[in-house]
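Peer 1: Got a file for you: my_file_22.pdb, PDB, C-alpha atoms.
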ATOM      1  CA  ILE A   1      -2.740   6.497  -4.518
ATOM      2  CA  ASN A   2      -0.798   5.253  -7.437
ATOM      3  CA  ALA A   3       1.869   2.569  -7.535
ATOM      4  CA  GLU A   4       4.071   5.028  -9.435
ATOM      5  CA  TYR A   5       4.160   7.331  -6.411
ATOM      6  CA  MET A   6       3.783   4.581  -3.847
ATOM      7  CA  GLY A   7       6.577   2.614  -5.524
ATOM      8  CA  PHE A   8       8.664   3.178  -2.463
ATOM      9  CA  LEU A   9       6.582   0.553  -0.639
ATOM     10  CA  GLY A  10       8.607  -2.196  -2.295
ATOM     11  CA  GLU A  11      11.805  -0.461  -1.190
ATOM     12  CA  VAL A  12      10.540  -0.092   2.382
ATOM     13  CA  ALA A  13       9.706  -3.811   2.443
ATOM     14  CA  ARG A  14      13.073  -4.656   0.854
ATOM     15  CA  HIS A  15      14.940  -2.741   3.558
ATOM     16  CA  ALA A  16      12.985  -4.448   6.333
ATOM     17  CA  LEU A  17      13.565  -7.865   4.763
ATOM     18  CA  LEU A  18      17.236  -7.045   4.320
ATOM     19  CA  CYS A  19      17.562  -6.188   8.022
ATOM     20  CA  LEU A  20      15.912  -9.484   8.920
ATOM     21  CA  MET A  21      18.220 -11.319   6.534
ATOM     22  CA  TYR A  22      21.323  -9.704   8.057
ATOM     23  CA  SER A  23      20.132 -10.545  11.571
ATOM     24  CA  GLY A  24      19.582 -14.189  10.616
ATOM     25  CA  GLU A  25      15.786 -14.056  10.964
ATOM     26  CA  LEU A  26      15.344 -14.604   7.226
ATOM     27  CA  SER A  27      17.206 -16.970   4.918
ATOM     28  CA  GLU A  28      19.787 -15.530   2.557
ATOM     29  CA  ILE A  29      18.169 -13.886  -0.482
ATOM     30  CA  PRO A  30      21.069 -12.021  -2.146
ATOM     31  CA  ALA A  31      18.807 -10.185  -4.618
ATOM     32  CA  LEU A  32      17.438  -8.164  -1.682
ATOM     33  CA  ARG A  33      20.771  -6.321  -1.598
ATOM     34  CA  THR A  34      19.937  -4.710  -4.956
ATOM     35  CA  PRO A  35      18.009  -1.419  -4.713
ATOM     36  CA  GLY A  36      14.796  -1.565  -6.733
ATOM     37  CA  ALA A  37      14.879  -5.366  -7.037
ATOM     38  CA  PHE A  38      11.854  -5.807  -4.786
ATOM     39  CA  THR A  39       8.929  -3.930  -6.309
ATOM     40  CA  SER A  40       5.661  -2.726  -4.833
ATOM     41  CA  ALA A  41       3.879  -5.259  -7.042
ATOM     42  CA  MET A  42       5.915  -8.042  -5.454
ATOM     43  CA  ALA A  43       5.171  -6.723  -1.978
ATOM     44  CA  SER A  44       1.434  -6.477  -2.632
ATOM     45  CA  THR A  45       1.317  -9.989  -4.131
ATOM     46  CA  ILE A  46       3.046 -11.337  -1.034
ATOM     47  CA  ALA A  47       0.847  -9.337   1.336
ATOM     48  CA  GLU A  48      -2.362 -10.501  -0.347
ATOM     49  CA  ASP A  49      -1.527 -14.246  -0.518
ATOM     50  CA  THR A  50      -4.291 -16.148   1.278
ATOM     51  CA  SER A  51      -3.214 -19.665   0.330
ATOM     52  CA  PHE A  52      -2.462 -22.084   3.148
ATOM     53  CA  ALA A  53       1.027 -22.886   1.855
ATOM     54  CA  LEU A  54       1.751 -19.281   0.775
ATOM     55  CA  GLU A  55       2.426 -20.351  -2.805
ATOM     56  CA  LYS A  56       2.433 -16.798  -4.169
ATOM     57  CA  VAL A  57       4.929 -15.700  -1.521
ATOM     58  CA  GLN A  58       7.213 -18.560  -2.471
ATOM     59  CA  SER A  59       6.773 -17.875  -6.185
ATOM     60  CA  VAL A  60       7.639 -14.180  -5.846
ATOM     61  CA  LEU A  61      10.730 -14.882  -3.752
ATOM     62  CA  GLU A  62      11.879 -17.657  -6.087
ATOM     63  CA  ASP A  63      11.391 -15.356  -9.089
ATOM     64  CA  LEU A  64      13.398 -12.701  -7.264
ATOM     65  CA  GLN A  65      16.180 -15.158  -6.448
ATOM     66  CA  PRO A  66      16.087 -18.325  -8.581
ATOM     67  CA  GLY A  67      17.383 -21.377  -6.739
ATOM     68  CA  VAL A  68      16.877 -19.880  -3.284
ATOM     69  CA  THR A  69      16.068 -22.327  -0.494
ATOM     70  CA  LEU A  70      13.306 -21.023   1.743
ATOM     71  CA  LYS A  71      11.808 -22.325   4.974
ATOM     72  CA  GLY A  72       8.147 -21.976   5.903
ATOM     73  CA  ALA A  73       9.140 -19.360   8.475
ATOM     74  CA  ASP A  74      10.742 -17.285   5.701
ATOM     75  CA  LEU A  75       7.463 -17.198   3.800
ATOM     76  CA  HIS A  76       5.509 -16.121   6.878
ATOM     77  CA  THR A  77       8.126 -13.510   7.780
ATOM     78  CA  ALA A  78       8.144 -12.027   4.267
ATOM     79  CA  GLN A  79       4.365 -11.876   4.260
ATOM     80  CA  ALA A  80       4.192 -10.240   7.702
ATOM     81  CA  VAL A  81       6.677  -7.570   6.614
ATOM     82  CA  CYS A  82       4.798  -6.797   3.395
ATOM     83  CA  GLN A  83       1.463  -6.657   5.205
ATOM     84  CA  MET A  84       2.886  -4.266   7.806
ATOM     85  CA  VAL A  85       4.268  -1.989   5.108
ATOM     86  CA  TYR A  86       0.925  -1.770   3.286
ATOM     87  CA  LEU A  87      -1.081  -1.363   6.501
ATOM     88  CA  ARG A  88       1.205   1.452   7.651
ATOM     89  CA  ALA A  89       0.931   3.159   4.267
ATOM     90  CA  ALA A  90      -2.872   2.945   4.401
ATOM     91  CA  ARG A  91      -2.887   4.485   7.879
ATOM     92  CA  LEU A  92      -0.650   7.344   6.780
ATOM     93  CA  VAL A  93      -2.870   8.050   3.763
ATOM     94  CA  ALA A  94      -5.918   7.953   6.070
ATOM     95  CA  ALA A  95      -4.325  10.616   8.263
ATOM     96  CA  GLY A  96      -3.822  12.842   5.218
ATOM     97  CA  LEU A  97      -7.386  12.284   4.020
ATOM     98  CA  LEU A  98      -8.661  13.122   7.503
ATOM     99  CA  CYS A  99      -7.207  16.606   7.039
ATOM    100  CA  VAL A 100      -9.004  16.936   3.699
ATOM    101  CA  VAL A 101     -12.311  15.781   5.192
ATOM    102  CA  LYS A 102     -12.003  18.148   8.160
ATOM    103  CA  ARG A 103     -11.077  21.019   5.873
ATOM    104  CA  SER A 104     -14.183  20.342   3.753
ATOM    105  CA  GLY A 105     -16.404  21.405   6.628
ATOM    106  CA  LYS A 106     -18.683  18.388   6.205
ATOM    107  CA  THR A 107     -20.217  17.282   9.481
ATOM    108  CA  SER A 108     -22.232  14.125   8.853
ATOM    109  CA  THR A 109     -21.326  12.536   5.506
ATOM    110  CA  ALA A 110     -18.443  13.014   3.103
ATOM    111  CA  SER A 111     -17.378  11.293  -0.077
ATOM    112  CA  VAL A 112     -13.761  11.287  -1.170
ATOM    113  CA  ALA A 113     -12.756  10.352  -4.712
ATOM    114  CA  VAL A 114      -9.626   8.214  -4.747
ATOM    115  CA  ASP A 115      -7.595   7.406  -7.825
ATOM    116  CA  GLY A 116      -4.750   4.966  -8.182
ATOM    117  CA  SER A 117      -3.768   1.391  -8.661
ATOM    118  CA  VAL A 118      -2.812   0.767  -5.029
ATOM    119  CA  PHE A 119      -6.313   1.706  -3.851
ATOM    120  CA  GLU A 120      -7.886  -0.174  -6.745
ATOM    121  CA  MET A 121      -5.751  -3.318  -6.856
ATOM    122  CA  VAL A 122      -4.707  -4.009  -3.246
ATOM    123  CA  PRO A 123      -7.840  -4.948  -1.274
ATOM    124  CA  MET A 124      -5.997  -5.038   2.056
ATOM    125  CA  PHE A 125      -4.802  -1.452   1.536
ATOM    126  CA  ARG A 126      -8.274  -0.268   0.543
ATOM    127  CA  ALA A 127      -9.932  -1.976   3.525
ATOM    128  CA  GLU A 128      -7.401  -0.594   6.006
ATOM    129  CA  LEU A 129      -7.635   2.903   4.532
ATOM    130  CA  THR A 130     -11.427   2.834   4.797
ATOM    131  CA  THR A 131     -11.435   1.432   8.346
ATOM    132  CA  THR A 132      -8.753   3.767   9.632
ATOM    133  CA  LEU A 133     -10.304   6.876   8.105
ATOM    134  CA  GLN A 134     -13.692   6.000   9.561
ATOM    135  CA  ARG A 135     -12.116   5.402  12.976
ATOM    136  CA  LEU A 136     -10.321   8.759  12.770
ATOM    137  CA  VAL A 137     -13.428  10.783  11.867
ATOM    138  CA  GLY A 138     -15.384   9.063  14.623
ATOM    139  CA  PRO A 139     -18.882   7.639  14.863
ATOM    140  CA  HIS A 140     -20.625  10.986  14.239
ATOM    141  CA  MET A 141     -19.558  11.045  10.591
ATOM    142  CA  THR A 142     -19.573   8.685   7.638
ATOM    143  CA  VAL A 143     -16.832   8.901   5.030
ATOM    144  CA  ARG A 144     -17.189   7.040   1.761
ATOM    145  CA  LEU A 145     -14.152   6.412  -0.428
ATOM    146  CA  VAL A 146     -15.067   6.199  -4.101
ATOM    147  CA  LEU A 147     -12.746   4.909  -6.808
ATOM    148  CA  SER A 148     -12.352   7.583  -9.465
ATOM    149  CA  LYS A 149     -10.590   6.654 -12.683
ATOM    150  CA  ASP A 150      -8.198   9.333 -13.934
ATOM    151  CA  GLY A 151      -8.822  11.527 -10.912
ATOM    152  CA  SER A 152      -5.503  13.289 -11.492
ATOM    153  CA  GLY A 153      -6.497  14.330 -15.001
ATOM    154  CA  LYS A 154      -9.911  15.505 -13.850
ATOM    155  CA  GLY A 155      -8.361  17.441 -10.981
ATOM    156  CA  ALA A 156      -5.883  19.132 -13.315
ATOM    157  CA  ALA A 157      -8.695  20.069 -15.701
ATOM    158  CA  LEU A 158     -10.746  21.509 -12.839
ATOM    159  CA  ALA A 159      -7.767  23.525 -11.565
ATOM    160  CA  ALA A 160      -7.089  24.888 -15.068
ATOM    161  CA  ALA A 161     -10.770  25.849 -15.510
ATOM    162  CA  LEU A 162     -10.822  27.646 -12.154
ATOM    163  CA  ALA A 163      -7.604  29.469 -12.966
ATOM    164  CA  ALA A 164      -8.940  30.560 -16.364
ATOM    165  CA  ARG A 165     -12.214  31.664 -14.801
ATOM    166  CA  SER A 166     -10.490  33.773 -12.151
ATOM    167  CA  LYS A 167      -8.609  35.687 -14.900
ATOM    168  CA  LEU A 168     -11.859  36.800 -16.570
TER     169      LEU A 168
END
Here is the file; what I need is its structure written in the form of structure tokens.
Peer 2:
Amino acid sequence: INAEYMGFLGEVARHALLCLMYSGELSEIPALRTPGAFTSAMASTIAEDTSFALEKVQSVLEDLQPGVTLKGADLHTAQAVCQMVYLRAARLVAAGLLCVVKRSGKTSTASVAVDGSVFEMVPMFRAELTTTLQRLVGPHMTVRLVLSKDGSGKGAALAAALAARSKL
């Protein structure tokens, strides 16, 4: 679950914010019209801001569009959009992992190694993924998500070893 592959999350948030801007629900932020201008890192920073005054939200939007005038409602709207995007992404990933867990044949406990900066660096995403996956498997089973550094490289090495072994 890597930001490189999940980079579209910033674009999804940008499109939603753009729609709100065009409908008048969000103040004018012209930089949102530029594809790729709103990154996943920006979206996760906004989604994770827990400060009362949403200082990080304001900082990200002001960095995106210097000189922009924002209302408090704009900050809350931007945060709600970014949170929804990350929560939806976590739920979709959970659905995919459910298939992997079911396919494993495990019936009481399963551990799933997860690699990637989104899982590692966005606590809200990680919490929602864990909660949703557990809800999907039901109370009869426990699924543990374990951060695995360089899981892609290890998986590729395992696949290569199995392929070489099957040729013997």
Peer 1: For a cut-off of 12 Å around (-2.2, 5.2, 7.8), file coordinates, pick out all residues using all atoms listed in the file and list them as a PyMOL selection string.
Peer 2: chain A and resi 84-98+125-136
Peer 1: List every protein, DNA or RNA residue that has at least one atom no more than 10 Å from (-14.0, 14.9, 5.6) in the file's coordinates, counting all atoms listed in the file, and write the result as a list of chain:residue names.
Peer 2: A:Leu97, A:Leu98, A:Cys99, A:Val100, A:Val101, A:Lys102, A:Arg103, A:Ser104, A:Gly105, A:Lys106, A:Thr107, A:Ser108, A:Thr109, A:Ala110, A:Ser111, A:Val112, A:Leu133, A:Gln134, A:Val137, A:Met141, A:Thr142, A:Val143, A:Arg144
Peer 1: Let's have the selection written as an mmCIF file, in the coordinates of the input, with C-alpha atoms.
Peer 2:
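What landed in again.cif:
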data_model
loop_
_atom_site.group_PDB
_atom_site.id
_atom_site.type_symbol
_atom_site.label_atom_id
_atom_site.label_comp_id
_atom_site.auth_asym_id
_atom_site.auth_seq_id
_atom_site.Cartn_x
_atom_site.Cartn_y
_atom_site.Cartn_z
ATOM 1 C CA LEU A 97 -7.386 12.284 4.020
ATOM 2 C CA LEU A 98 -8.661 13.122 7.503
ATOM 3 C CA CYS A 99 -7.207 16.606 7.039
ATOM 4 C CA VAL A 100 -9.004 16.936 3.699
ATOM 5 C CA VAL A 101 -12.311 15.781 5.192
ATOM 6 C CA LYS A 102 -12.003 18.148 8.160
ATOM 7 C CA ARG A 103 -11.077 21.019 5.873
ATOM 8 C CA SER A 104 -14.183 20.342 3.753
ATOM 9 C CA GLY A 105 -16.404 21.405 6.628
ATOM 10 C CA LYS A 106 -18.683 18.388 6.205
ATOM 11 C CA THR A 107 -20.217 17.282 9.481
ATOM 12 C CA SER A 108 -22.232 14.125 8.853
ATOM 13 C CA THR A 109 -21.326 12.536 5.506
ATOM 14 C CA ALA A 110 -18.443 13.014 3.103
ATOM 15 C CA SER A 111 -17.378 11.293 -0.077
ATOM 16 C CA VAL A 112 -13.761 11.287 -1.170
ATOM 17 C CA LEU A 133 -10.304 6.876 8.105
ATOM 18 C CA GLN A 134 -13.692 6.000 9.561
ATOM 19 C CA VAL A 137 -13.428 10.783 11.867
ATOM 20 C CA MET A 141 -19.558 11.045 10.591
ATOM 21 C CA THR A 142 -19.573 8.685 7.638
ATOM 22 C CA VAL A 143 -16.832 8.901 5.030
ATOM 23 C CA ARG A 144 -17.189 7.040 1.761
#
Peer 1: Give, as AutoDock Vina command-line options, the centre coordinates and the x, y and z edge lengths in Å to one decimal for an axis-aligned box around all listed atoms of range 24-39 of chain A, padded by 6 Å on each side.
Peer 2:
--center_x 15.0 --center_y -9.2 --center_z 2.0 --size_x 24.1 --size_y 27.6 --size_z 30.0
Peer 1: Residue by residue, what does the PyMOL selection byres ((chain A and resi 81) around 9) grab here? Present the result as a tab-separated table (two decimals) with C-alpha atoms, in the coordinates of the input.
Peer 2:
chain	number	residue	atom	x	y	z
A	13	ALA	CA	9.71	-3.81	2.44
A	16	ALA	CA	12.98	-4.45	6.33
A	17	LEU	CA	13.56	-7.86	4.76
A	43	ALA	CA	5.17	-6.72	-1.98
A	47	ALA	CA	0.85	-9.34	1.34
A	76	HIS	CA	5.51	-16.12	6.88
A	77	THR	CA	8.13	-13.51	7.78
A	78	ALA	CA	8.14	-12.03	4.27
A	79	GLN	CA	4.36	-11.88	4.26
A	80	ALA	CA	4.19	-10.24	7.70
A	82	CYS	CA	4.80	-6.80	3.40
A	83	GLN	CA	1.46	-6.66	5.20
A	84	MET	CA	2.89	-4.27	7.81
A	85	VAL	CA	4.27	-1.99	5.11
A	86	TYR	CA	0.92	-1.77	3.29
Peer 1: Using Å and a single decimal, report how far CA of Gly7 in chain A sits from CA of Lys56 in chain A.
Peer 2: 19.9 Å
Peer 1: For the file shown, what are the residues hit by the PyMOL selection byres ((chain A and resi 18-32) around 9), laid out as a PyMOL selection string?
Peer 2: chain A and resi 13-17+33-38+61+64-65+68-71+73-75+77-78
Peer 1: Given the file above and the PyMOL selection byres ((chain A and resi 40) around 8), which residues are selected, and can you give them as a list of chain:residue names?
Peer 2: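 Applying the PyMOL selection byres ((chain A and resi 40) around 8) to the structure shown produces A:Ala3, A:Met6, A:Gly7, A:Phe8, A:Leu9, A:Gly10, A:Glu11, A:Phe38, A:Thr39, A:Ala41, A:Met42, A:Ala43, A:Ser44.
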Peer 1: Quick one, how far is CA of Val114 in chain A from CA of Leu145 in chain A?
Peer 2: 6.5 Å
Peer 1: In Å, rounded to a single decimal, give me how far CA of Glu48 in chain A is from CA of Val60 in chain A.
Peer 2: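 We find that CA of Val60 in chain A and CA of Glu48 in chain A lie 12.0 Å from each other.
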Peer 1: Smallest atom-to-atom distance to Phe52 in chain A: which of A:His140, A:Lys149, A:Gly72, A:Pro123, using all atoms listed in the file?
Peer 2: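 Going through A:His140, A:Lys149, A:Gly72, A:Pro123 one by one, the smallest distance to Phe52 in chain A is for A:Gly72.
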Peer 1: Measuring between all atoms listed in the file, which one of A:Ser51, A:Pro139, A:Leu147, A:Ile46 shows the shortest distance to Glu120 in chain A?
Peer 2: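 Comparing A:Ser51, A:Pro139, A:Leu147, A:Ile46 against Glu120 in chain A, the winner is A:Leu147.
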